[in-house]
file work38.txt (compact mmCIF, C-alpha atoms)
# COMPACT_ATOMS: atom_id res chain seq x y z
CA MET A 1 -40.93 -32.96 -1.97
CA ARG A 2 -39.37 -34.55 1.09
CA TYR A 3 -35.99 -34.27 -0.61
CA LEU A 4 -36.58 -30.58 -1.27
CA TYR A 5 -37.20 -29.94 2.44
CA PHE A 6 -34.10 -31.95 3.28
CA ILE A 7 -31.98 -29.83 0.92
CA LEU A 8 -33.45 -26.59 2.31
CA LEU A 9 -32.77 -27.74 5.89
CA ALA A 10 -29.20 -28.72 5.03
CA ALA A 11 -28.62 -25.34 3.36
CA ALA A 12 -30.03 -23.51 6.41
CA LEU A 13 -27.83 -25.50 8.78
CA MET A 14 -24.75 -24.83 6.65
CA SER A 15 -25.40 -21.10 6.55
CA CYS A 16 -25.88 -21.04 10.35
CA SER A 17 -22.67 -22.90 10.97
CA GLN A 18 -20.78 -20.55 8.67
CA ALA A 19 -22.19 -17.45 10.35
CA LYS A 20 -21.17 -18.60 13.85
CA GLN A 21 -17.60 -17.48 14.38
CA HIS A 22 -15.25 -19.16 16.79
CA ILE A 23 -14.33 -16.56 19.45
CA PRO A 24 -10.82 -17.06 20.88
CA ALA A 25 -10.58 -17.69 24.64
CA ILE A 26 -10.45 -14.20 26.12
CA ARG A 27 -8.31 -13.87 29.23
CA PRO A 28 -10.44 -13.05 32.32
CA TYR A 29 -9.69 -9.75 34.05
CA ALA A 30 -7.72 -10.67 37.18
CA PHE A 31 -7.10 -7.12 38.44
CA ASN A 32 -10.01 -4.97 39.58
CA ASP A 33 -8.92 -1.32 39.41
CA SER A 34 -11.54 -0.34 42.06
CA GLY A 35 -11.85 3.10 40.54
CA TYR A 36 -8.11 3.80 40.45
CA GLN A 37 -6.79 5.57 37.34
CA VAL A 38 -3.86 4.61 35.17
CA ILE A 39 -0.88 6.91 35.65
CA THR A 40 1.64 5.28 33.32
CA THR A 41 2.88 2.04 31.79
CA VAL A 42 6.37 0.56 31.98
CA ILE A 43 7.74 -2.23 29.78
CA ASN A 44 10.65 -4.41 30.87
CA GLU A 45 11.74 -6.35 27.78
CA LYS A 46 14.42 -8.29 29.66
CA ALA A 47 11.85 -9.61 32.14
CA ASN A 48 9.28 -10.01 29.36
CA SER A 49 6.79 -8.03 31.41
CA VAL A 50 4.64 -4.94 31.27
CA ALA A 51 3.35 -3.05 34.30
CA MET A 52 0.62 -0.48 34.71
CA LEU A 53 0.81 2.07 37.50
CA TYR A 54 -2.55 3.02 38.98
CA GLY A 55 -3.31 5.71 41.53
CA ASN A 56 -6.25 6.60 43.75
CA LYS A 57 -7.86 10.05 43.55
CA ALA A 58 -5.28 11.52 45.93
CA ALA A 59 -2.45 10.21 43.75
CA MET A 60 -3.95 11.88 40.68
CA HIS A 61 -4.01 15.33 42.26
CA LEU A 62 -0.61 15.92 43.79
CA PRO A 63 0.48 17.32 46.15
CA SER A 64 -1.95 15.61 48.48
CA THR A 65 -1.99 13.22 51.39
CA GLY A 66 -3.29 9.68 51.31
CA ALA A 67 -1.94 8.80 47.87
CA ILE A 68 -1.96 5.07 47.12
CA TYR A 69 -0.21 3.56 44.11
CA LYS A 70 -0.64 0.09 42.65
CA LEU A 71 1.87 -1.30 40.16
CA VAL A 72 0.20 -4.16 38.33
CA THR A 73 2.65 -6.37 36.43
CA TYR A 74 1.72 -8.78 33.64
CA ARG A 75 3.72 -11.19 31.53
CA GLU A 76 3.89 -9.98 27.93
CA GLN A 77 2.63 -12.38 25.29
CA ASP A 78 2.12 -12.45 21.53
CA ASN A 79 -1.02 -10.68 20.40
CA GLN A 80 -3.01 -13.41 18.64
CA SER A 81 -4.74 -10.88 16.40
CA TRP A 82 -1.66 -8.96 15.25
CA TYR A 83 1.78 -10.34 14.65
CA GLY A 84 4.03 -7.38 15.40
CA SER A 85 2.57 -6.64 18.83
CA TYR A 86 2.91 -7.92 22.39
CA ILE A 87 -0.05 -7.68 24.74
CA ASN A 88 -0.42 -8.04 28.52
CA GLY A 89 -0.90 -11.70 29.41
CA GLU A 90 -1.19 -13.38 32.82
CA LEU A 91 -1.12 -11.28 35.97
CA LEU A 92 2.18 -11.66 37.86
CA SER A 93 1.96 -9.26 40.80
CA VAL A 94 0.30 -6.25 42.37
CA GLU A 95 2.61 -3.99 44.39
CA THR A 96 0.97 -1.37 46.60
CA VAL A 97 2.67 1.75 47.91
CA ASP A 98 0.62 3.62 50.52
CA MET A 99 1.92 7.13 51.26
CA THR A 100 -0.31 7.65 54.34
CA PRO A 101 2.42 6.80 56.97
CA VAL A 102 4.62 9.58 55.50
CA THR A 103 2.51 12.22 57.26
CA ASN A 104 3.65 10.66 60.59
CA GLY A 105 7.29 10.74 59.54
CA GLN A 106 7.36 7.05 58.62
CA PRO A 107 8.31 5.47 55.27
CA PRO A 108 5.55 4.55 52.80
CA ALA A 109 3.93 1.15 53.39
CA TYR A 110 4.84 -1.41 50.71
CA GLN A 111 2.97 -4.61 49.96
CA PHE A 112 3.66 -7.30 47.35
CA ARG A 113 0.97 -9.69 46.21
CA PRO A 114 2.14 -12.43 43.83
CA TYR A 115 0.01 -14.24 41.25
CA ASN A 116 0.65 -17.27 39.08
CA GLY A 117 3.78 -18.34 40.92
CA ALA A 118 5.63 -15.01 40.79
CA THR A 119 8.29 -14.53 43.47
CA ALA A 120 8.28 -11.57 45.85
CA ALA A 121 10.56 -8.60 45.23
CA SER A 122 13.51 -8.78 47.63
CA ASP A 123 14.00 -5.11 48.40
CA ALA A 124 10.85 -3.27 49.46
CA ALA A 125 12.63 0.10 49.75
CA ALA A 126 14.08 -0.19 46.24
CA ARG A 127 10.70 -1.16 44.80
CA THR A 128 8.99 1.71 46.61
CA ALA A 129 11.61 4.12 45.22
CA PHE A 130 11.15 2.68 41.72
CA ILE A 131 7.37 3.08 41.86
CA GLN A 132 7.72 6.64 43.15
CA SER A 133 10.17 7.46 40.37
CA LEU A 134 7.70 6.64 37.58
CA GLN A 135 6.58 9.75 35.73
CA PRO A 136 2.97 10.04 34.56
CA ALA A 137 2.26 9.43 30.87
CA TRP A 138 0.85 12.37 28.95
CA TYR A 139 -2.90 11.80 28.59
CA PRO A 140 -5.05 14.23 26.63
CA CYS A 141 -7.30 16.39 28.79
CA ASP A 142 -5.70 15.34 32.08
CA PRO A 143 -4.94 18.33 34.33
CA GLN A 144 -1.45 19.46 33.27
CA MET B 1 -42.23 -30.27 -36.79
CA LYS B 2 -43.04 -27.15 -34.78
CA THR B 3 -40.96 -28.34 -31.78
CA SER B 4 -37.97 -29.01 -34.02
CA ARG B 5 -38.06 -25.41 -35.39
CA LEU B 6 -38.28 -23.95 -31.92
CA LEU B 7 -35.38 -26.08 -30.81
CA LYS B 8 -33.30 -24.88 -33.77
CA ILE B 9 -34.05 -21.23 -32.96
CA ALA B 10 -33.18 -21.79 -29.30
CA LEU B 11 -29.91 -23.50 -30.20
CA LEU B 12 -28.94 -20.79 -32.67
CA THR B 13 -29.75 -18.04 -30.15
CA THR B 14 -27.75 -19.76 -27.41
CA GLY B 15 -24.84 -20.27 -29.79
CA ALA B 16 -24.87 -16.65 -30.91
CA LEU B 17 -25.05 -15.44 -27.32
CA SER B 18 -22.18 -17.72 -26.30
CA ILE B 19 -20.01 -16.41 -29.17
CA ALA B 20 -20.89 -12.80 -28.25
CA VAL B 21 -20.07 -13.36 -24.57
CA ALA B 22 -16.82 -15.14 -25.45
CA ALA B 23 -15.85 -12.32 -27.81
CA ILE B 24 -16.58 -9.73 -25.11
CA SER B 25 -14.61 -11.79 -22.58
CA PHE B 26 -11.50 -12.01 -24.75
CA THR B 27 -11.50 -8.43 -25.97
CA THR B 28 -12.74 -6.48 -22.95
CA GLN B 29 -10.11 -4.48 -21.09
CA VAL B 30 -11.44 -4.67 -17.53
CA VAL B 31 -8.58 -2.68 -16.01
CA GLU B 32 -5.49 -1.11 -17.49
CA ASN B 33 -2.02 -2.03 -16.29
CA PRO B 34 -0.17 1.28 -15.85
CA PRO B 35 3.66 1.35 -15.96
CA VAL B 36 5.52 -0.02 -12.91
CA THR B 37 7.27 2.76 -11.00
CA GLY B 38 9.26 0.62 -8.55
CA GLU B 39 8.64 -2.82 -7.08
CA ILE B 40 9.29 -4.21 -3.64
CA ASN B 41 12.82 -5.30 -2.82
CA ALA B 42 12.52 -8.52 -0.80
CA PRO B 43 13.78 -12.12 -0.85
CA GLU B 44 12.60 -14.02 -3.93
CA GLU B 45 10.33 -16.36 -1.92
CA VAL B 46 8.52 -13.35 -0.45
CA LYS B 47 8.14 -11.69 -3.86
CA GLN B 48 6.89 -14.98 -5.27
CA LEU B 49 4.16 -15.15 -2.60
CA PHE B 50 3.02 -11.60 -3.33
CA ARG B 51 3.08 -12.25 -7.09
CA HIS B 52 0.79 -15.23 -7.10
CA ALA B 53 -1.45 -14.31 -4.15
CA CYS B 54 -1.73 -10.52 -4.33
CA TYR B 55 -0.59 -9.14 -7.68
CA ASP B 56 -3.83 -9.66 -9.62
CA CYS B 57 -5.41 -6.91 -7.51
CA HIS B 58 -2.53 -5.17 -5.69
CA SER B 59 -0.20 -4.42 -8.63
CA ASN B 60 -0.04 -3.13 -12.19
CA HIS B 61 0.42 -6.72 -13.40
CA THR B 62 -3.26 -7.65 -13.19
CA GLN B 63 -3.91 -10.85 -15.11
CA LEU B 64 -7.54 -11.80 -15.33
CA ALA B 65 -9.12 -15.13 -16.16
CA TRP B 66 -11.75 -15.23 -18.92
CA TYR B 67 -14.55 -15.50 -16.37
CA ASP B 68 -13.37 -12.29 -14.69
CA LYS B 69 -14.24 -10.53 -17.95
CA LEU B 70 -17.81 -11.73 -18.20
CA PRO B 71 -20.50 -9.06 -18.19
CA VAL B 72 -21.48 -7.94 -14.66
CA VAL B 73 -18.52 -9.86 -13.16
CA SER B 74 -16.05 -7.57 -14.94
CA GLY B 75 -17.63 -4.51 -13.28
CA LEU B 76 -17.16 -6.04 -9.83
CA VAL B 77 -13.61 -7.12 -10.63
CA ARG B 78 -12.72 -3.64 -11.88
CA LYS B 79 -14.09 -2.06 -8.70
CA ASP B 80 -12.13 -4.51 -6.53
CA VAL B 81 -8.85 -4.00 -8.41
CA ILE B 82 -9.08 -0.20 -8.31
CA ALA B 83 -9.84 -0.24 -4.56
CA ALA B 84 -7.05 -2.77 -3.93
CA ARG B 85 -4.45 -0.70 -5.82
CA GLU B 86 -5.47 2.42 -3.91
CA HIS B 87 -4.88 0.60 -0.64
CA LEU B 88 -1.61 -1.07 -1.62
CA ASN B 89 0.15 -1.32 -4.98
CA PHE B 90 3.27 -3.49 -5.08
CA SER B 91 4.16 -1.98 -8.51
CA GLU B 92 4.35 1.49 -6.92
CA TRP B 93 6.18 0.40 -3.77
CA ASP B 94 8.74 3.17 -4.27
CA ARG B 95 6.03 5.78 -3.72
CA LEU B 96 5.63 4.67 -0.10
CA SER B 97 7.79 6.09 2.66
CA PRO B 98 10.01 3.57 4.52
CA ALA B 99 7.55 3.68 7.44
CA GLN B 100 4.61 3.03 5.10
CA GLN B 101 6.48 0.14 3.46
CA GLN B 102 7.17 -1.37 6.87
CA SER B 103 3.54 -0.97 7.89
CA ALA B 104 2.28 -2.48 4.60
CA LEU B 105 4.45 -5.58 5.00
CA TRP B 106 3.19 -6.37 8.52
CA GLU B 107 -0.37 -5.65 7.47
CA ALA B 108 0.00 -8.00 4.48
CA TYR B 109 1.22 -10.77 6.79
CA ASN B 110 -1.62 -10.27 9.25
CA MET B 111 -4.26 -10.11 6.52
CA ILE B 112 -3.02 -13.39 5.02
CA ASN B 113 -2.52 -15.06 8.41
CA SER B 114 -6.09 -14.23 9.47
CA GLY B 115 -7.49 -15.60 6.19
CA THR B 116 -8.84 -12.18 5.26
CA MET B 117 -6.62 -12.00 2.17
CA PRO B 118 -6.58 -13.15 -0.55
CA LEU B 119 -10.35 -12.60 -0.46
CA PRO B 120 -11.90 -16.04 0.12
CA SER B 121 -14.29 -15.48 -2.82
CA TYR B 122 -11.29 -14.74 -5.07
CA ALA B 123 -9.20 -17.64 -3.76
CA ALA B 124 -12.11 -20.05 -4.32
CA LEU B 125 -12.02 -19.33 -8.05
CA HIS B 126 -8.26 -18.76 -8.42
CA SER B 127 -6.53 -21.78 -6.87
CA ASN B 128 -3.11 -20.28 -7.63
CA ALA B 129 -3.82 -17.46 -5.14
CA LYS B 130 -3.75 -19.71 -2.08
CA VAL B 131 -0.81 -19.16 0.31
CA THR B 132 0.86 -22.25 1.75
CA PRO B 133 1.94 -22.44 5.44
CA ALA B 134 5.57 -22.63 4.25
CA GLU B 135 5.20 -19.41 2.26
CA LEU B 136 3.57 -17.66 5.21
CA SER B 137 6.38 -18.85 7.44
CA GLY B 138 8.89 -17.43 4.94
CA LEU B 139 7.17 -14.05 5.08
CA ARG B 140 7.18 -14.17 8.90
CA ASN B 141 10.91 -14.93 8.91
CA TYR B 142 11.47 -11.94 6.63
CA LEU B 143 9.42 -9.72 8.97
CA ASN B 144 11.52 -10.90 11.90
CA THR B 145 14.52 -9.26 10.22
CA LYS B 146 12.52 -6.02 10.28
CA ARG B 147 11.61 -5.93 13.99
CA VAL B 148 12.13 -2.46 15.40
CA LYS B 149 14.21 -1.91 18.54
CA VAL B 150 13.68 1.29 20.47
CA VAL B 151 16.85 3.26 21.18
CA PRO B 152 17.52 6.34 23.31
CA ASP B 153 16.56 9.44 21.31
CA SER B 154 17.25 12.82 22.88
CA VAL B 155 15.14 14.71 20.32
CA LYS B 156 12.06 12.60 21.02
CA THR B 157 12.69 12.84 24.76
CA ALA B 158 12.79 16.63 24.48
CA GLN B 159 9.57 16.62 22.43
CA ALA B 160 7.90 14.41 25.07
CA ARG B 161 8.95 16.91 27.76
CA GLN B 162 7.65 19.89 25.75
CA GLN B 163 4.16 18.46 25.40
CA TRP B 164 3.59 19.09 29.12
CA GLU B 165 4.00 22.80 28.48
CA LYS B 166 1.21 23.02 25.90
CA ALA B 167 -2.41 23.41 26.93
CA THR B 168 -4.90 20.90 25.58
CA PRO B 169 -7.78 22.32 23.50
CA VAL B 170 -10.61 23.86 25.50
CA GLN B 171 -13.22 22.78 22.97
CA LEU B 172 -13.49 19.04 22.50
CA PRO B 173 -12.56 18.10 18.93
CA VAL B 174 -15.06 16.27 16.73
CA SER B 175 -14.19 13.95 13.85
CA VAL B 176 -15.69 14.47 10.38
CA ASN B 177 -18.03 11.51 11.00
CA GLY B 178 -19.41 13.08 14.18
CA ILE B 179 -17.40 11.14 16.77
CA ARG B 180 -16.17 13.44 19.50
CA HIS B 181 -13.20 13.12 21.80
CA MET B 182 -14.44 11.70 25.13
CA PRO B 183 -12.21 12.72 28.07
CA GLU B 184 -14.41 10.55 30.30
CA PHE B 185 -12.49 7.53 29.00
CA ARG B 186 -10.02 8.16 31.85
CA GLN B 187 -12.68 6.78 34.22
CA TRP B 188 -13.18 3.63 32.09
CA GLN B 189 -11.48 0.32 32.75
CA VAL B 190 -8.27 -0.58 30.98
CA MET B 191 -8.90 -3.27 28.36
CA SER B 192 -5.28 -4.03 27.52
CA THR B 193 -1.87 -2.59 26.78
CA THR B 194 0.33 -3.39 23.79
CA SER B 195 3.95 -2.95 22.82
CA ARG B 196 4.55 -2.95 19.06
CA PHE B 197 7.70 -4.31 17.50
CA ASP B 198 6.61 -3.56 13.93
CA ASN B 199 7.00 0.11 14.89
CA THR B 200 8.15 2.09 17.94
CA THR B 201 4.83 2.71 19.66
CA MET B 202 3.12 1.52 22.83
CA ARG B 203 -0.60 1.73 23.54
CA VAL B 204 -3.20 1.54 26.31
CA MET B 205 -6.77 0.55 25.44
CA PHE B 206 -9.82 1.55 27.51
CA ALA B 207 -13.32 0.07 27.22
CA ASN B 208 -16.51 1.87 28.24
CA PRO B 209 -18.94 0.01 30.55
CA VAL B 210 -20.96 -1.36 27.57
CA ALA B 211 -17.83 -2.74 25.91
CA MET B 212 -16.42 -4.13 29.17
CA GLN B 213 -19.69 -5.94 29.92
CA ALA B 214 -19.64 -7.44 26.41
CA ILE B 215 -16.08 -8.68 26.97
CA LYS B 216 -17.00 -10.25 30.32
CA GLU B 217 -20.03 -11.98 28.80
CA LYS B 218 -18.08 -12.90 25.64
CA LYS B 219 -20.74 -11.22 23.50
CA ILE B 220 -18.35 -9.61 21.08
CA ASN B 221 -19.26 -11.03 17.71
CA PRO B 222 -20.98 -8.75 17.00
CA TRP B 223 -20.30 -6.18 19.72
CA PRO B 224 -23.39 -4.43 21.16
CA ASP B 225 -24.33 -0.97 19.98
CA GLY B 226 -22.97 1.66 22.36
CA ALA B 227 -19.64 -0.11 22.93
CA VAL B 228 -16.72 2.31 22.74
CA ILE B 229 -13.03 1.42 22.75
CA VAL B 230 -10.31 4.04 23.09
CA LYS B 231 -6.67 3.55 22.19
CA VAL B 232 -4.00 5.97 23.40
CA VAL B 233 -0.75 5.83 21.42
CA TRP B 234 2.72 7.07 22.42
CA GLU B 235 6.23 6.76 21.05
CA LYS B 236 8.28 4.46 23.28
CA SER B 237 10.96 6.12 25.35
CA ILE B 238 13.76 3.99 26.85
CA ASP B 239 15.63 4.97 30.03
CA VAL B 240 19.20 4.20 31.13
CA ASN B 241 18.07 0.99 32.87
CA GLY B 242 16.36 -0.31 29.73
CA ASN B 243 12.83 0.31 30.98
CA ILE B 244 10.45 1.58 28.32
CA HIS B 245 7.94 4.34 29.14
CA PRO B 246 5.31 6.30 27.20
CA GLY B 247 7.15 9.20 25.55
CA LYS B 248 5.75 11.57 22.97
CA PHE B 249 1.97 11.35 22.70
CA LEU B 250 0.99 10.55 19.10
CA ASN B 251 -2.74 10.15 18.92
CA ILE B 252 -5.92 8.88 20.50
CA GLN B 253 -8.16 6.57 18.50
CA TYR B 254 -11.84 5.70 18.91
CA MET B 255 -14.00 2.82 17.81
CA VAL B 256 -17.71 3.45 18.42
CA ARG B 257 -20.18 0.65 17.80
CA ASP B 258 -23.40 1.47 15.97
CA ALA B 259 -24.18 -1.32 13.51
CA LYS B 260 -26.71 0.72 11.51
CA ARG B 261 -25.05 4.12 11.46
CA TYR B 262 -21.62 2.78 10.57
CA GLN B 263 -22.68 -0.11 8.34
CA ASP B 264 -20.24 1.06 5.62
CA THR B 265 -17.36 0.36 8.03
CA ASP B 266 -18.59 -2.97 9.38
CA GLY B 267 -20.62 -1.38 12.18
CA TRP B 268 -17.75 0.51 13.82
CA GLY B 269 -17.30 4.27 13.62
CA TYR B 270 -13.62 5.23 13.63
CA ALA B 271 -11.97 8.47 14.74
CA LYS B 272 -8.44 9.60 15.46
CA PHE B 273 -7.17 12.81 17.06
CA GLU B 274 -3.50 13.55 16.56
CA THR B 275 -0.83 15.38 18.57
CA PRO B 276 -1.51 17.10 21.91
CA ALA B 277 -3.62 19.59 19.91
CA LEU B 278 -5.96 16.64 19.16
CA LYS B 279 -6.28 17.46 15.46
CA PRO B 280 -9.06 15.35 13.89
CA TYR B 281 -7.74 12.90 11.30
CA GLY B 282 -9.48 12.36 7.96
CA ALA B 283 -11.05 14.77 5.50
CA THR B 284 -14.16 12.72 4.72
CA PRO B 285 -16.01 9.79 6.34
CA MET B 286 -14.68 7.68 3.42
CA THR B 287 -11.23 7.93 5.01
CA PHE B 288 -12.25 5.44 7.67
CA ARG B 289 -12.90 2.64 5.18
CA GLU B 290 -9.15 2.05 5.34
CA CYS B 291 -9.51 1.40 9.09
CA SER B 292 -12.32 -1.09 8.68
CA SER B 293 -10.62 -3.00 5.86
CA CYS B 294 -7.56 -3.55 8.09
CA HIS B 295 -9.69 -4.42 11.14
CA ARG B 296 -11.23 -7.33 9.19
CA ALA B 297 -8.06 -9.19 10.12
CA ALA B 298 -9.52 -9.27 13.67
CA ASN B 299 -12.80 -10.73 12.47
CA LYS B 300 -12.78 -13.46 15.13
CA THR B 301 -13.00 -10.84 17.88
CA GLY B 302 -15.53 -8.65 16.12
CA GLY B 303 -12.95 -6.31 14.58
CA ILE B 304 -11.00 -5.61 17.80
CA PHE B 305 -7.30 -6.45 17.71
CA ASP B 306 -6.19 -5.87 21.28
CA LEU B 307 -7.91 -8.41 23.50
CA SER B 308 -5.67 -10.57 25.66
CA THR B 309 -6.29 -14.26 25.05
CA LEU B 310 -5.36 -17.47 26.87
CA ASN B 311 -2.53 -18.44 24.53
call {"tool": "encode", "arguments": {"input": "work38.txt", "output": "structure tokens"}}
result
Amino acid sequence: MRYLYFILLAAALMSCSQAKQHIPAIRPYAFNDSGYQVITTVINEKANSVAMLYGNKAAMHLPSTGAIYKLVTYREQDNQSWYGSYINGELLSVETVDMTPVTNGQPPAYQFRPYNGATAASDAAARTAFIQSLQPAWYPCDPQ
Amino acid sequence: MKTSRLLKIALLTTGALSIAVAAISFTTQVVENPPVTGEINAPEEVKQLFRHACYDCHSNHTQLAWYDKLPVVSGLVRKDVIAAREHLNFSEWDRLSPAQQQSALWEAYNMINSGTMPLPSYAALHSNAKVTPAELSGLRNYLNTKRVKVVPDSVKTAQARQQWEKATPVQLPVSVNGIRHMPEFRQWQVMSTTSRFDNTTMRVMFANPVAMQAIKEKKINPWPDGAVIVKVVWEKSIDVNGNIHPGKFLNIQYMVRDAKRYQDTDGWGYAKFETPALKPYGATPMTFRECSSCHRAANKTGGIFDLSTLN
């Protein structure tokens, strides 16, 4: 009888170990969107990066004052679950363009925050112009 | 004396049953093998992999072992083969469009790579079906010759521009399985973004608060009921500087977690709304079984493909 219990216990342990799946290490979320909405996405294959442009409420309802944009750039990496796809990997930088000074006749304020050893963009004016040039992606049910 | 007679009867009955079962096994036609219309054109090593690992179910060259023809088992085998051929039939490869062929190849790789295919239960009994790492590597090398590069396309650019002129539907569309389009996803957090090189699309995934909490707590196998993941899909559009942007909007896809309600599709309810008119995809709820069978390749992450991992 003791052997029977041993076999039953072994079978139960085996079934438990089979049912428990190994979950891959999910990358923690390094960027908090703080309620900003995604405006568009831009992929730079040469730099092996992908960036998402976020905007605050003012940025989503142009023309308006007080628009703030954040371009969040990630390194692209292989998608472990699907060969045939790249996915955003480690966070490289967050660039902020604040349009508030424009109302006083000054240029937009630009800020670069690097992550994971990324180097700062050399030309703030060029980066500001690039961020401003990005067109919104077409999202269903967004105000057209 | 009495025991000996009983033993004889038992032996005779067992013998007769064995002969009957063997006869059924050798003569039963479990599935027919219809004529081949056109097979895949690929390097021999790739074809060889498909032949020994996939063809018993995914072709018109089904060759069954005697034990596949046993009563009860044969019914299950027949069901599996018919379903497998409907999903992908290498003997009717010519009936697929070039885009469908491309998609089927990458799916085949990912299903094998994840250990989803050949079905583990099938591979356990059919040792010849197992795929070696060298064979898988050969298939991957072949796929690498089929990577898609996005090129400037004035027609698609014009179509992307036109979509801004069309109004989105006033009434929110509802899929045949009851899942509705949820514009509130624009307030949800971005889960990830992907750039496909097996086709020309790019995507952004959003997770509702339930799903995002599950990701943070790593409680995703299984995902909690109420989790919703939204995927927005565009054609890639490349500019003069080589930057790639979302171009023509293609569709928006939903995965809604309700383990009981959607138990036929592994606990996820699927929906897709196509074009800026958000036309619901799929005529019957059965349509979405295709989605769940493919998503089994992401079994380790509870059926969700697009989670960024620490590689």
call {"tool": "closest_residue", "arguments": {"input": "work38.txt", "among": "B:Gln63, B:Ser293, B:Gln263, B:Asn144", "to": "chain A", "atoms": "only C-alpha atoms"}}
result
B:Asn144
call {"tool": "closest_residue", "arguments": {"input": "work38.txt", "among": "B:Pro118, B:Pro280, B:Gly303, B:Gly75", "to": "chain A", "atoms": "all atoms listed in the file"}}
result
B:Gly303
call {"tool": "residues_around", "arguments": {"input": "work38.txt", "residues": "segment 89-97 of chain B", "least_positions_apart": "3", "cutoff": "6 Å", "atoms": "only C-alpha atoms", "output": "NGL selection string"}}
result
:B and (36-40 or 58-60 or 85 or 100-101)
call {"tool": "residues_around", "arguments": {"input": "work38.txt", "residues": "Met205 of chain B", "least_positions_apart": "6", "cutoff": "9 Å", "atoms": "only C-alpha atoms", "output": "list in words"}}
result
Gln189, Val190, Met191, Ser192, Thr193, Thr194, Ile229, Val230, Lys231, Val232, Val233 and Asp306 of chain B
call {"tool": "atom_distance", "arguments": {"input": "work38.txt", "atom1": "atom CA of Ser121 of chain B", "atom2": "atom CA of Tyr67 of chain B"}}
result
13.6 Å
call {"tool": "residues_around", "arguments": {"input": "work38.txt", "residues": "Lys47 of chain B", "least_positions_apart": "6", "cutoff": "12 Å", "atoms": "only C-alpha atoms", "output": "list in words"}}
result
Glu39, Ile40, Asn41, Ala53, Cys54, Tyr55, Phe90, Ser91, Leu105, Glu135, Leu136, Gly138, Leu139 and Tyr142 of chain B
call {"tool": "atom_distance", "arguments": {"input": "work38.txt", "atom1": "atom CA of Thr275 of chain B", "atom2": "atom CA of Asn44 of chain A"}}
result
26.0 Å
call {"tool": "atom_distance", "arguments": {"input": "work38.txt", "atom1": "atom CA of Ala227 of chain B", "atom2": "atom CA of Ala211 of chain B"}}
result
4.4 Å
call {"tool": "interface_residues", "arguments": {"input": "work38.txt", "of": "chain B", "to": "chain A", "cutoff": "6 Å", "atoms": "only C-alpha atoms", "output": "ChimeraX atom specification"}}
result
/B:193-198,243-246,298,300,305,308-310
call {"tool": "residues_near_point", "arguments": {"input": "work38.txt", "point": "(1.0, 9.9, 53.8)", "cutoff": "7 Å", "atoms": "only C-alpha atoms", "output": "list of chain:residue names"}}
result
A:Thr65, A:Gly66, A:Ala67, A:Met99, A:Thr100, A:Pro101, A:Val102, A:Thr103
call {"tool": "closest_residue", "arguments": {"input": "work38.txt", "among": "B:Asn221, B:Thr62, B:Ser237, B:Thr287", "to": "Ser154 of chain B", "atoms": "all atoms listed in the file"}}
result
B:Ser237
call {"tool": "residues_near_point", "arguments": {"input": "work38.txt", "point": "(-1.0, -14.1, -0.3)", "cutoff": "12 Å", "atoms": "only C-alpha atoms", "output": "ChimeraX atom specification"}}
result
/B:45-58,105,107-120,122-123,126-139
call {"tool": "closest_residue", "arguments": {"input": "work38.txt", "among": "A:Thr96, A:Ala121, A:His61, A:Arg75", "to": "Ala109 of chain A", "atoms": "only C-alpha atoms"}}
result
A:Thr96
